[in-house]
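**Q** Below you'll find run.cif; it's mmCIF, N, CA, C and O atoms.
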data_structure
loop_
_atom_site.label_atom_id
_atom_site.label_comp_id
_atom_site.auth_asym_id
_atom_site.auth_seq_id
_atom_site.Cartn_x
_atom_site.Cartn_y
_atom_site.Cartn_z
N MET E 1 98.56 78.80 125.01
CA MET E 1 99.48 79.63 124.26
C MET E 1 99.22 79.41 122.77
O MET E 1 99.16 78.29 122.30
N LYS E 2 99.08 80.50 122.04
CA LYS E 2 98.86 80.41 120.60
C LYS E 2 100.13 79.95 119.90
O LYS E 2 101.23 80.20 120.36
N THR E 3 99.94 79.29 118.77
CA THR E 3 101.11 78.87 118.00
C THR E 3 101.63 80.04 117.17
O THR E 3 100.92 81.02 116.94
N ILE E 4 102.85 79.92 116.71
CA ILE E 4 103.45 80.96 115.88
C ILE E 4 102.65 81.12 114.59
O ILE E 4 102.42 82.23 114.13
N ALA E 5 102.20 80.02 114.02
CA ALA E 5 101.43 80.09 112.77
C ALA E 5 100.15 80.89 112.98
O ALA E 5 99.78 81.70 112.13
N ASP E 6 99.47 80.70 114.12
CA ASP E 6 98.26 81.46 114.42
C ASP E 6 98.57 82.95 114.55
O ASP E 6 97.84 83.80 114.05
N MET E 7 99.65 83.26 115.24
CA MET E 7 100.00 84.66 115.45
C MET E 7 100.40 85.34 114.15
O MET E 7 100.04 86.49 113.91
N LEU E 8 101.14 84.65 113.30
CA LEU E 8 101.54 85.23 112.03
C LEU E 8 100.34 85.42 111.11
O LEU E 8 100.28 86.36 110.33
N ALA E 9 99.36 84.51 111.21
CA ALA E 9 98.15 84.64 110.39
C ALA E 9 97.35 85.87 110.81
O ALA E 9 96.73 86.53 109.97
N MET E 10 97.37 86.21 112.10
CA MET E 10 96.64 87.37 112.59
C MET E 10 97.34 88.68 112.22
O MET E 10 96.69 89.70 112.02
N ALA E 11 98.66 88.67 112.12
CA ALA E 11 99.41 89.88 111.81
C ALA E 11 99.26 90.22 110.33
O ALA E 11 99.29 89.34 109.48
N ASP E 12 99.12 91.49 110.05
CA ASP E 12 98.95 91.93 108.66
C ASP E 12 100.22 91.71 107.83
O ASP E 12 100.16 91.31 106.69
N ASP E 13 101.36 91.99 108.44
CA ASP E 13 102.62 91.94 107.70
C ASP E 13 103.45 90.71 108.00
O ASP E 13 104.57 90.57 107.53
N GLY E 14 102.93 89.77 108.79
CA GLY E 14 103.67 88.55 109.11
C GLY E 14 104.67 88.71 110.24
O GLY E 14 105.42 87.80 110.54
N ASP E 15 104.69 89.88 110.89
CA ASP E 15 105.59 90.13 112.00
C ASP E 15 104.81 90.08 113.31
O ASP E 15 103.60 90.26 113.32
N PHE E 16 105.51 89.83 114.40
CA PHE E 16 104.83 89.83 115.70
C PHE E 16 105.80 90.21 116.80
O PHE E 16 107.02 90.19 116.64
N ARG E 17 105.24 90.56 117.95
CA ARG E 17 106.02 90.94 119.13
C ARG E 17 105.26 90.45 120.36
O ARG E 17 104.05 90.58 120.44
N GLU E 18 106.00 89.88 121.32
CA GLU E 18 105.43 89.40 122.58
C GLU E 18 106.28 89.89 123.73
O GLU E 18 107.48 90.10 123.58
N ARG E 19 105.64 90.03 124.89
CA ARG E 19 106.35 90.39 126.12
C ARG E 19 105.76 89.58 127.26
O ARG E 19 104.54 89.41 127.34
N TRP E 20 106.64 89.07 128.14
CA TRP E 20 106.21 88.33 129.32
C TRP E 20 106.90 88.89 130.55
O TRP E 20 108.05 89.35 130.47
N TRP E 21 106.23 88.80 131.68
CA TRP E 21 106.81 89.16 132.97
C TRP E 21 106.69 87.97 133.91
O TRP E 21 105.68 87.26 133.91
N ALA E 22 107.71 87.78 134.73
CA ALA E 22 107.67 86.81 135.83
C ALA E 22 107.90 87.62 137.11
O ALA E 22 108.96 88.22 137.28
N VAL E 23 106.89 87.66 137.97
CA VAL E 23 106.96 88.51 139.16
C VAL E 23 106.61 87.69 140.40
O VAL E 23 105.59 87.00 140.43
N ASP E 24 107.46 87.79 141.41
CA ASP E 24 107.21 87.22 142.72
C ASP E 24 107.85 88.14 143.75
O ASP E 24 109.06 88.04 144.03
N PRO E 25 107.08 89.09 144.31
CA PRO E 25 107.65 90.07 145.24
C PRO E 25 108.29 89.44 146.48
O PRO E 25 109.28 89.96 147.00
N LYS E 26 107.75 88.33 146.95
CA LYS E 26 108.30 87.68 148.15
C LYS E 26 109.74 87.23 147.93
O LYS E 26 110.54 87.23 148.85
N ARG E 27 110.05 86.80 146.70
CA ARG E 27 111.39 86.30 146.38
C ARG E 27 112.21 87.31 145.58
O ARG E 27 113.27 86.99 145.08
N ASN E 28 111.70 88.54 145.43
CA ASN E 28 112.38 89.62 144.71
C ASN E 28 112.65 89.25 143.25
O ASN E 28 113.71 89.55 142.71
N ILE E 29 111.70 88.59 142.62
CA ILE E 29 111.81 88.25 141.21
C ILE E 29 110.95 89.21 140.41
O ILE E 29 109.76 89.37 140.70
N ALA E 30 111.55 89.87 139.44
CA ALA E 30 110.83 90.79 138.55
C ALA E 30 111.51 90.73 137.19
O ALA E 30 112.32 91.59 136.84
N ARG E 31 111.19 89.71 136.42
CA ARG E 31 111.85 89.49 135.13
C ARG E 31 110.98 89.92 133.96
O ARG E 31 109.76 89.75 133.98
N ASN E 32 111.64 90.43 132.96
CA ASN E 32 110.99 90.88 131.73
C ASN E 32 111.63 90.12 130.56
O ASN E 32 112.84 89.93 130.54
N TYR E 33 110.82 89.69 129.61
CA TYR E 33 111.34 89.04 128.41
C TYR E 33 110.52 89.50 127.21
O TYR E 33 109.29 89.45 127.25
N GLU E 34 111.19 89.99 126.18
CA GLU E 34 110.53 90.44 124.96
C GLU E 34 111.06 89.64 123.78
O GLU E 34 112.25 89.33 123.71
N LEU E 35 110.17 89.32 122.87
CA LEU E 35 110.51 88.54 121.69
C LEU E 35 109.81 89.17 120.49
O LEU E 35 108.60 89.45 120.56
N ALA E 36 110.57 89.44 119.45
CA ALA E 36 109.98 90.04 118.25
C ALA E 36 110.54 89.35 117.01
O ALA E 36 111.71 88.97 116.98
N MET E 37 109.69 89.20 116.01
CA MET E 37 110.13 88.66 114.72
C MET E 37 109.65 89.61 113.64
O MET E 37 108.46 89.92 113.55
N THR E 38 110.60 90.11 112.84
CA THR E 38 110.30 91.07 111.78
C THR E 38 111.06 90.68 110.52
O THR E 38 111.93 89.81 110.55
N THR E 39 110.76 91.36 109.44
CA THR E 39 111.46 91.17 108.18
C THR E 39 112.18 92.46 107.83
O THR E 39 111.57 93.53 107.87
N ASP E 40 113.46 92.36 107.49
CA ASP E 40 114.20 93.57 107.15
C ASP E 40 114.01 93.93 105.68
O ASP E 40 113.28 93.27 104.94
N LEU E 41 114.67 94.99 105.24
CA LEU E 41 114.51 95.48 103.87
C LEU E 41 115.01 94.51 102.81
O LEU E 41 114.62 94.60 101.65
N PHE E 42 115.87 93.60 103.19
CA PHE E 42 116.45 92.66 102.24
C PHE E 42 115.74 91.31 102.23
O PHE E 42 116.17 90.37 101.56
N GLY E 43 114.66 91.19 103.01
CA GLY E 43 113.88 89.96 103.04
C GLY E 43 114.33 88.95 104.08
O GLY E 43 113.78 87.86 104.16
N TRP E 44 115.35 89.27 104.87
CA TRP E 44 115.79 88.37 105.93
C TRP E 44 114.83 88.49 107.11
O TRP E 44 114.29 89.55 107.39
N THR E 45 114.65 87.41 107.84
CA THR E 45 113.82 87.41 109.04
C THR E 45 114.71 87.66 110.25
O THR E 45 115.70 86.97 110.45
N ILE E 46 114.34 88.66 111.04
CA ILE E 46 115.11 89.06 112.22
C ILE E 46 114.33 88.65 113.47
O ILE E 46 113.15 88.97 113.59
N VAL E 47 115.00 87.95 114.37
CA VAL E 47 114.42 87.61 115.67
C VAL E 47 115.20 88.38 116.71
O VAL E 47 116.41 88.23 116.84
N GLU E 48 114.48 89.25 117.43
CA GLU E 48 115.11 90.07 118.46
C GLU E 48 114.60 89.63 119.82
O GLU E 48 113.39 89.46 120.02
N ARG E 49 115.54 89.43 120.75
CA ARG E 49 115.20 89.03 122.12
C ARG E 49 115.81 90.03 123.08
O ARG E 49 116.95 90.43 122.93
N ARG E 50 115.02 90.44 124.09
CA ARG E 50 115.50 91.33 125.14
C ARG E 50 115.04 90.75 126.48
O ARG E 50 113.90 90.30 126.59
N TRP E 51 115.92 90.80 127.47
CA TRP E 51 115.56 90.26 128.78
C TRP E 51 116.28 91.04 129.86
O TRP E 51 117.25 91.74 129.60
N GLY E 52 115.76 90.93 131.07
CA GLY E 52 116.36 91.60 132.21
C GLY E 52 115.32 91.85 133.29
O GLY E 52 114.19 91.37 133.22
N ARG E 53 115.71 92.62 134.27
CA ARG E 53 114.81 92.97 135.36
C ARG E 53 113.82 94.01 134.85
O ARG E 53 114.18 94.89 134.07
N ILE E 54 112.58 93.92 135.31
CA ILE E 54 111.56 94.89 134.90
C ILE E 54 112.02 96.29 135.31
O ILE E 54 112.42 96.52 136.45
N GLY E 55 111.99 97.22 134.36
CA GLY E 55 112.39 98.59 134.61
C GLY E 55 113.85 98.89 134.37
O GLY E 55 114.27 100.04 134.37
N ALA E 56 114.66 97.85 134.14
CA ALA E 56 116.09 98.04 133.88
C ALA E 56 116.35 97.92 132.38
O ALA E 56 115.52 97.44 131.62
N LYS E 57 117.53 98.37 131.96
CA LYS E 57 117.89 98.32 130.55
C LYS E 57 117.96 96.87 130.05
O LYS E 57 117.51 96.56 128.96
N GLY E 58 118.58 96.00 130.82
CA GLY E 58 118.66 94.59 130.46
C GLY E 58 119.63 94.30 129.34
O GLY E 58 120.50 95.11 129.01
N GLN E 59 119.49 93.15 128.74
CA GLN E 59 120.36 92.69 127.67
C GLN E 59 119.51 92.30 126.48
O GLN E 59 118.29 92.21 126.59
N GLY E 60 120.16 92.00 125.38
CA GLY E 60 119.41 91.57 124.21
C GLY E 60 120.33 91.02 123.14
O GLY E 60 121.55 91.15 123.21
N CYS E 61 119.71 90.39 122.15
CA CYS E 61 120.46 89.92 121.00
C CYS E 61 119.52 89.81 119.81
O CYS E 61 118.31 89.69 119.97
N CYS E 62 120.11 89.89 118.63
CA CYS E 62 119.37 89.75 117.38
C CYS E 62 119.96 88.61 116.58
O CYS E 62 121.18 88.45 116.54
N SER E 63 119.10 87.85 115.95
CA SER E 63 119.53 86.78 115.05
C SER E 63 118.82 87.01 113.73
O SER E 63 117.64 87.35 113.70
N SER E 64 119.55 86.81 112.63
CA SER E 64 118.92 86.98 111.32
C SER E 64 118.98 85.65 110.57
O SER E 64 119.94 84.90 110.67
N PHE E 65 117.92 85.39 109.80
CA PHE E 65 117.76 84.13 109.10
C PHE E 65 117.30 84.39 107.67
O PHE E 65 116.37 85.16 107.45
N ALA E 66 117.94 83.74 106.72
CA ALA E 66 117.49 83.82 105.33
C ALA E 66 116.23 82.98 105.16
O ALA E 66 115.35 83.30 104.35
N ASP E 67 116.11 81.92 105.94
CA ASP E 67 114.97 81.01 105.87
C ASP E 67 114.03 81.28 107.05
O ASP E 67 114.43 81.15 108.21
N ARG E 68 112.79 81.65 106.77
CA ARG E 68 111.83 81.98 107.82
C ARG E 68 111.52 80.80 108.73
O ARG E 68 111.24 80.98 109.91
N THR E 69 111.59 79.58 108.22
CA THR E 69 111.30 78.42 109.06
C THR E 69 112.33 78.26 110.17
O THR E 69 112.00 77.81 111.27
N GLU E 70 113.58 78.62 109.90
CA GLU E 70 114.62 78.58 110.95
C GLU E 70 114.31 79.61 112.03
O GLU E 70 114.50 79.35 113.22
N ALA E 71 113.83 80.78 111.64
CA ALA E 71 113.47 81.81 112.61
C ALA E 71 112.30 81.34 113.47
O ALA E 71 112.30 81.52 114.69
N ILE E 72 111.32 80.71 112.86
CA ILE E 72 110.17 80.20 113.60
C ILE E 72 110.60 79.11 114.56
O ILE E 72 110.10 79.02 115.68
N ARG E 73 111.57 78.31 114.16
CA ARG E 73 112.09 77.26 115.04
C ARG E 73 112.72 77.88 116.29
O ARG E 73 112.52 77.40 117.42
N LEU E 74 113.48 78.97 116.13
CA LEU E 74 114.08 79.66 117.28
C LEU E 74 113.00 80.26 118.17
O LEU E 74 113.05 80.13 119.39
N VAL E 75 112.02 80.90 117.57
CA VAL E 75 110.93 81.51 118.34
C VAL E 75 110.18 80.44 119.14
O VAL E 75 109.87 80.64 120.32
N ASP E 76 109.90 79.31 118.54
CA ASP E 76 109.23 78.21 119.24
C ASP E 76 110.08 77.73 120.43
O ASP E 76 109.54 77.46 121.50
N ALA E 77 111.38 77.62 120.25
CA ALA E 77 112.27 77.18 121.33
C ALA E 77 112.25 78.18 122.48
O ALA E 77 112.21 77.78 123.65
N VAL E 78 112.28 79.46 122.17
CA VAL E 78 112.23 80.49 123.21
C VAL E 78 110.91 80.43 123.96
O VAL E 78 110.88 80.50 125.19
N ARG E 79 109.82 80.29 123.24
CA ARG E 79 108.50 80.24 123.87
C ARG E 79 108.36 79.00 124.75
O ARG E 79 107.76 79.06 125.83
N ARG E 80 108.92 77.86 124.34
CA ARG E 80 108.89 76.65 125.17
C ARG E 80 109.68 76.87 126.45
O ARG E 80 109.28 76.45 127.54
N ARG E 81 110.82 77.54 126.33
CA ARG E 81 111.65 77.83 127.51
C ARG E 81 110.91 78.73 128.49
O ARG E 81 110.95 78.52 129.70
N ARG E 82 110.23 79.75 127.99
CA ARG E 82 109.46 80.65 128.87
C ARG E 82 108.32 79.88 129.54
O ARG E 82 107.97 80.14 130.68
N ALA E 83 107.72 78.93 128.82
CA ALA E 83 106.61 78.16 129.38
C ALA E 83 107.06 77.23 130.51
O ALA E 83 106.26 76.86 131.36
N SER E 84 108.33 76.87 130.55
CA SER E 84 108.84 75.98 131.60
C SER E 84 109.37 76.74 132.81
O SER E 84 109.99 76.14 133.69
N ALA E 85 109.13 78.02 132.90
CA ALA E 85 109.68 78.84 133.99
C ALA E 85 109.17 78.41 135.36
O ALA E 85 109.89 78.54 136.35
N ARG E 86 107.97 77.92 135.45
CA ARG E 86 107.41 77.51 136.74
C ARG E 86 108.31 76.47 137.41
O ARG E 86 108.60 76.54 138.60
N LYS E 87 108.81 75.51 136.63
CA LYS E 87 109.70 74.47 137.17
C LYS E 87 111.07 75.05 137.53
O LYS E 87 111.66 74.67 138.53
N ARG E 88 111.57 75.96 136.71
CA ARG E 88 112.92 76.47 136.90
C ARG E 88 113.00 77.60 137.93
O ARG E 88 113.92 77.64 138.74
N LEU E 89 112.05 78.54 137.89
CA LEU E 89 112.10 79.73 138.73
C LEU E 89 111.17 79.69 139.93
O LEU E 89 111.34 80.45 140.88
N GLY E 90 110.13 78.87 139.83
CA GLY E 90 109.13 78.85 140.88
C GLY E 90 108.01 79.83 140.62
O GLY E 90 107.07 79.94 141.40
N VAL E 91 108.09 80.58 139.53
CA VAL E 91 107.05 81.52 139.13
C VAL E 91 106.96 81.48 137.61
O VAL E 91 107.97 81.33 136.93
N GLU E 92 105.74 81.57 137.08
CA GLU E 92 105.60 81.48 135.63
C GLU E 92 105.58 82.87 135.00
O GLU E 92 105.26 83.86 135.65
N TYR E 93 105.94 82.90 133.73
CA TYR E 93 105.85 84.13 132.95
C TYR E 93 104.41 84.33 132.52
O TYR E 93 103.74 83.38 132.10
N THR E 94 103.93 85.55 132.63
CA THR E 94 102.59 85.88 132.17
C THR E 94 102.70 86.90 131.05
O THR E 94 103.55 87.78 131.09
N PRO E 95 101.84 86.78 130.02
CA PRO E 95 101.90 87.72 128.91
C PRO E 95 101.52 89.13 129.35
O PRO E 95 100.66 89.31 130.20
N VAL E 96 102.21 90.10 128.78
CA VAL E 96 101.95 91.51 129.04
C VAL E 96 101.48 92.14 127.75
O VAL E 96 102.10 91.94 126.70
N ARG E 97 100.40 92.87 127.80
CA ARG E 97 99.88 93.52 126.61
C ARG E 97 100.80 94.68 126.22
O ARG E 97 101.18 95.49 127.05
N LEU E 98 101.18 94.73 124.95
CA LEU E 98 102.07 95.79 124.46
C LEU E 98 101.31 97.04 124.11
O LEU E 98 100.22 97.06 123.73
#
Spit out the file's structure as structure tokens when you get a sec.
**A**
Amino acid sequence: MKTIADMLAMADDGDFRERWWAVDPKRNIARNYELAMTTDLFGWTIVERRWGRIGAKGQGCCSSFADRTEAIRLVDAVRRRRASARKRLGVEYTPVRL
């Protein structure tokens, strides 16, 4: 898994978006998770998260940060949580190309 610093270095504007799916048809698991970090017009960093069943509307939340390092800390925590899905769900999240 690439680090946030690597991903931000690759992005032209310092923003990024990721999507993961966890799928196990035998156990009827079809989870979707999206994570995006952008900058608004006022210079605040916005972290948007959306989750739910693949193909469904799902849920989501947005967090805004005046300090970009706090936003990166949240993004890192979310990515660590997704990486531990194998232990928690029995199936791992795999990246989906946007």
**Q** Suppose a student applies the PyMOL selection byres ((chain E and resi 19-26) around 7) to this structure; what residues should they get, written as a list of chain:residue names?
**A**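 That selection, the PyMOL selection byres ((chain E and resi 19-26) around 7), comes back as E:Arg17, E:Glu18, E:Arg27, E:Asn28, E:Ile29, E:Ala30, E:Arg31, E:Asn32, E:Tyr33, E:Glu34, E:Leu35, E:Val91, E:Glu92, E:Tyr93, E:Thr94, E:Pro95, E:Val96, E:Arg97, E:Leu98.
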**Q** If you keep N, CA, C and O atoms, can you produce a file of those selected residues as a compact mmCIF listing (two decimals), in the frame of the given file?
**A**
# COMPACT_ATOMS: atom_id res chain seq x y z
N ARG E 17 105.24 90.56 117.95
CA ARG E 17 106.02 90.94 119.13
C ARG E 17 105.26 90.45 120.36
O ARG E 17 104.05 90.58 120.44
N GLU E 18 106.00 89.88 121.32
CA GLU E 18 105.43 89.40 122.58
C GLU E 18 106.28 89.89 123.73
O GLU E 18 107.48 90.10 123.58
N ARG E 27 110.05 86.80 146.70
CA ARG E 27 111.39 86.30 146.38
C ARG E 27 112.21 87.31 145.58
O ARG E 27 113.27 86.99 145.08
N ASN E 28 111.70 88.54 145.43
CA ASN E 28 112.38 89.62 144.71
C ASN E 28 112.65 89.25 143.25
O ASN E 28 113.71 89.55 142.71
N ILE E 29 111.70 88.59 142.62
CA ILE E 29 111.81 88.25 141.21
C ILE E 29 110.95 89.21 140.41
O ILE E 29 109.76 89.37 140.70
N ALA E 30 111.55 89.87 139.44
CA ALA E 30 110.83 90.79 138.55
C ALA E 30 111.51 90.73 137.19
O ALA E 30 112.32 91.59 136.84
N ARG E 31 111.19 89.71 136.42
CA ARG E 31 111.85 89.49 135.13
C ARG E 31 110.98 89.92 133.96
O ARG E 31 109.76 89.75 133.98
N ASN E 32 111.64 90.43 132.96
CA ASN E 32 110.99 90.88 131.73
C ASN E 32 111.63 90.12 130.56
O ASN E 32 112.84 89.93 130.54
N TYR E 33 110.82 89.69 129.61
CA TYR E 33 111.34 89.04 128.41
C TYR E 33 110.52 89.50 127.21
O TYR E 33 109.29 89.45 127.25
N GLU E 34 111.19 89.99 126.18
CA GLU E 34 110.53 90.44 124.96
C GLU E 34 111.06 89.64 123.78
O GLU E 34 112.25 89.33 123.71
N LEU E 35 110.17 89.32 122.87
CA LEU E 35 110.51 88.54 121.69
C LEU E 35 109.81 89.17 120.49
O LEU E 35 108.60 89.45 120.56
N VAL E 91 108.09 80.58 139.53
CA VAL E 91 107.05 81.52 139.13
C VAL E 91 106.96 81.48 137.61
O VAL E 91 107.97 81.33 136.93
N GLU E 92 105.74 81.57 137.08
CA GLU E 92 105.60 81.48 135.63
C GLU E 92 105.58 82.87 135.00
O GLU E 92 105.26 83.86 135.65
N TYR E 93 105.94 82.90 133.73
CA TYR E 93 105.85 84.13 132.95
C TYR E 93 104.41 84.33 132.52
O TYR E 93 103.74 83.38 132.10
N THR E 94 103.93 85.55 132.63
CA THR E 94 102.59 85.88 132.17
C THR E 94 102.70 86.90 131.05
O THR E 94 103.55 87.78 131.09
N PRO E 95 101.84 86.78 130.02
CA PRO E 95 101.90 87.72 128.91
C PRO E 95 101.52 89.13 129.35
O PRO E 95 100.66 89.31 130.20
N VAL E 96 102.21 90.10 128.78
CA VAL E 96 101.95 91.51 129.04
C VAL E 96 101.48 92.14 127.75
O VAL E 96 102.10 91.94 126.70
N ARG E 97 100.40 92.87 127.80
CA ARG E 97 99.88 93.52 126.61
C ARG E 97 100.80 94.68 126.22
O ARG E 97 101.18 95.49 127.05
N LEU E 98 101.18 94.73 124.95
CA LEU E 98 102.07 95.79 124.46
C LEU E 98 101.31 97.04 124.11
O LEU E 98 100.22 97.06 123.73
**Q** I'd like the interatomic distance between CA of Asp76 in chain E and CA of Gly55 in chain E, to a tenth of an Å.
**A** 25.7 Å
**Q** Need to verify the contact set: range 64-72 of chain E, 6 Å, all atoms listed in the file, exclusion of same-chain residues closer than 3 positions in sequence. Can you return it as a PyMOL selection string?
**A** chain E and resi 43-47+75-77
**Q** Any chance you could list, as a PyMOL selection string, the residues in chain E that come up helix (DSSP H, G or I) when DSSP is run on the backbone?
**A** chain E and resi 4-10+25-27+68-83+85-89
**Q** Please report the interatomic distance between CA of Thr38 in chain E and CA of Arg88 in chain E in Å with one decimal.
**A** 29.2 Å
**Q** By how many Å are atom N of Arg79 in chain E and atom N of Arg53 in chain E apart?
**A** 17.6 Å
**Q** Which polymer residues have any atom within 6 Å of an atom of Glu48 in chain E, counting all atoms listed in the file, with same-chain residues fewer than 3 positions away left out, as a list in words?
**A**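 Answer for this query is Glu34, Leu35, Ala36, Met37, Cys61, Cys62 and Ser63 of chain E.
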**Q** Please return, as a ChimeraX atom specification, all residues of range 23-97 of chain E that DSSP assigns to strand (DSSP E) on the basis of the backbone.
**A** /E:23-24,29-39,45-53,59-65,94-95
**Q** Produce a file of the selected residues containing N, CA, C and O atoms, as a short mmCIF file (atom, residue, chain, number, x, y, z; two decimals), in the frame of the given file.
**A**
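Below is the file result_33.cif, written as the result:
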data_model
loop_
_atom_site.label_atom_id
_atom_site.label_comp_id
_atom_site.auth_asym_id
_atom_site.auth_seq_id
_atom_site.Cartn_x
_atom_site.Cartn_y
_atom_site.Cartn_z
N VAL E 23 106.89 87.66 137.97
CA VAL E 23 106.96 88.51 139.16
C VAL E 23 106.61 87.69 140.40
O VAL E 23 105.59 87.00 140.43
N ASP E 24 107.46 87.79 141.41
CA ASP E 24 107.21 87.22 142.72
C ASP E 24 107.85 88.14 143.75
O ASP E 24 109.06 88.04 144.03
N ILE E 29 111.70 88.59 142.62
CA ILE E 29 111.81 88.25 141.21
C ILE E 29 110.95 89.21 140.41
O ILE E 29 109.76 89.37 140.70
N ALA E 30 111.55 89.87 139.44
CA ALA E 30 110.83 90.79 138.55
C ALA E 30 111.51 90.73 137.19
O ALA E 30 112.32 91.59 136.84
N ARG E 31 111.19 89.71 136.42
CA ARG E 31 111.85 89.49 135.13
C ARG E 31 110.98 89.92 133.96
O ARG E 31 109.76 89.75 133.98
N ASN E 32 111.64 90.43 132.96
CA ASN E 32 110.99 90.88 131.73
C ASN E 32 111.63 90.12 130.56
O ASN E 32 112.84 89.93 130.54
N TYR E 33 110.82 89.69 129.61
CA TYR E 33 111.34 89.04 128.41
C TYR E 33 110.52 89.50 127.21
O TYR E 33 109.29 89.45 127.25
N GLU E 34 111.19 89.99 126.18
CA GLU E 34 110.53 90.44 124.96
C GLU E 34 111.06 89.64 123.78
O GLU E 34 112.25 89.33 123.71
N LEU E 35 110.17 89.32 122.87
CA LEU E 35 110.51 88.54 121.69
C LEU E 35 109.81 89.17 120.49
O LEU E 35 108.60 89.45 120.56
N ALA E 36 110.57 89.44 119.45
CA ALA E 36 109.98 90.04 118.25
C ALA E 36 110.54 89.35 117.01
O ALA E 36 111.71 88.97 116.98
N MET E 37 109.69 89.20 116.01
CA MET E 37 110.13 88.66 114.72
C MET E 37 109.65 89.61 113.64
O MET E 37 108.46 89.92 113.55
N THR E 38 110.60 90.11 112.84
CA THR E 38 110.30 91.07 111.78
C THR E 38 111.06 90.68 110.52
O THR E 38 111.93 89.81 110.55
N THR E 39 110.76 91.36 109.44
CA THR E 39 111.46 91.17 108.18
C THR E 39 112.18 92.46 107.83
O THR E 39 111.57 93.53 107.87
N THR E 45 114.65 87.41 107.84
CA THR E 45 113.82 87.41 109.04
C THR E 45 114.71 87.66 110.25
O THR E 45 115.70 86.97 110.45
N ILE E 46 114.34 88.66 111.04
CA ILE E 46 115.11 89.06 112.22
C ILE E 46 114.33 88.65 113.47
O ILE E 46 113.15 88.97 113.59
N VAL E 47 115.00 87.95 114.37
CA VAL E 47 114.42 87.61 115.67
C VAL E 47 115.20 88.38 116.71
O VAL E 47 116.41 88.23 116.84
N GLU E 48 114.48 89.25 117.43
CA GLU E 48 115.11 90.07 118.46
C GLU E 48 114.60 89.63 119.82
O GLU E 48 113.39 89.46 120.02
N ARG E 49 115.54 89.43 120.75
CA ARG E 49 115.20 89.03 122.12
C ARG E 49 115.81 90.03 123.08
O ARG E 49 116.95 90.43 122.93
N ARG E 50 115.02 90.44 124.09
CA ARG E 50 115.50 91.33 125.14
C ARG E 50 115.04 90.75 126.48
O ARG E 50 113.90 90.30 126.59
N TRP E 51 115.92 90.80 127.47
CA TRP E 51 115.56 90.26 128.78
C TRP E 51 116.28 91.04 129.86
O TRP E 51 117.25 91.74 129.60
N GLY E 52 115.76 90.93 131.07
CA GLY E 52 116.36 91.60 132.21
C GLY E 52 115.32 91.85 133.29
O GLY E 52 114.19 91.37 133.22
N ARG E 53 115.71 92.62 134.27
CA ARG E 53 114.81 92.97 135.36
C ARG E 53 113.82 94.01 134.85
O ARG E 53 114.18 94.89 134.07
N GLN E 59 119.49 93.15 128.74
CA GLN E 59 120.36 92.69 127.67
C GLN E 59 119.51 92.30 126.48
O GLN E 59 118.29 92.21 126.59
N GLY E 60 120.16 92.00 125.38
CA GLY E 60 119.41 91.57 124.21
C GLY E 60 120.33 91.02 123.14
O GLY E 60 121.55 91.15 123.21
N CYS E 61 119.71 90.39 122.15
CA CYS E 61 120.46 89.92 121.00
C CYS E 61 119.52 89.81 119.81
O CYS E 61 118.31 89.69 119.97
N CYS E 62 120.11 89.89 118.63
CA CYS E 62 119.37 89.75 117.38
C CYS E 62 119.96 88.61 116.58
O CYS E 62 121.18 88.45 116.54
N SER E 63 119.10 87.85 115.95
CA SER E 63 119.53 86.78 115.05
C SER E 63 118.82 87.01 113.73
O SER E 63 117.64 87.35 113.70
N SER E 64 119.55 86.81 112.63
CA SER E 64 118.92 86.98 111.32
C SER E 64 118.98 85.65 110.57
O SER E 64 119.94 84.90 110.67
N PHE E 65 117.92 85.39 109.80
CA PHE E 65 117.76 84.13 109.10
C PHE E 65 117.30 84.39 107.67
O PHE E 65 116.37 85.16 107.45
N THR E 94 103.93 85.55 132.63
CA THR E 94 102.59 85.88 132.17
C THR E 94 102.70 86.90 131.05
O THR E 94 103.55 87.78 131.09
N PRO E 95 101.84 86.78 130.02
CA PRO E 95 101.90 87.72 128.91
C PRO E 95 101.52 89.13 129.35
O PRO E 95 100.66 89.31 130.20
#
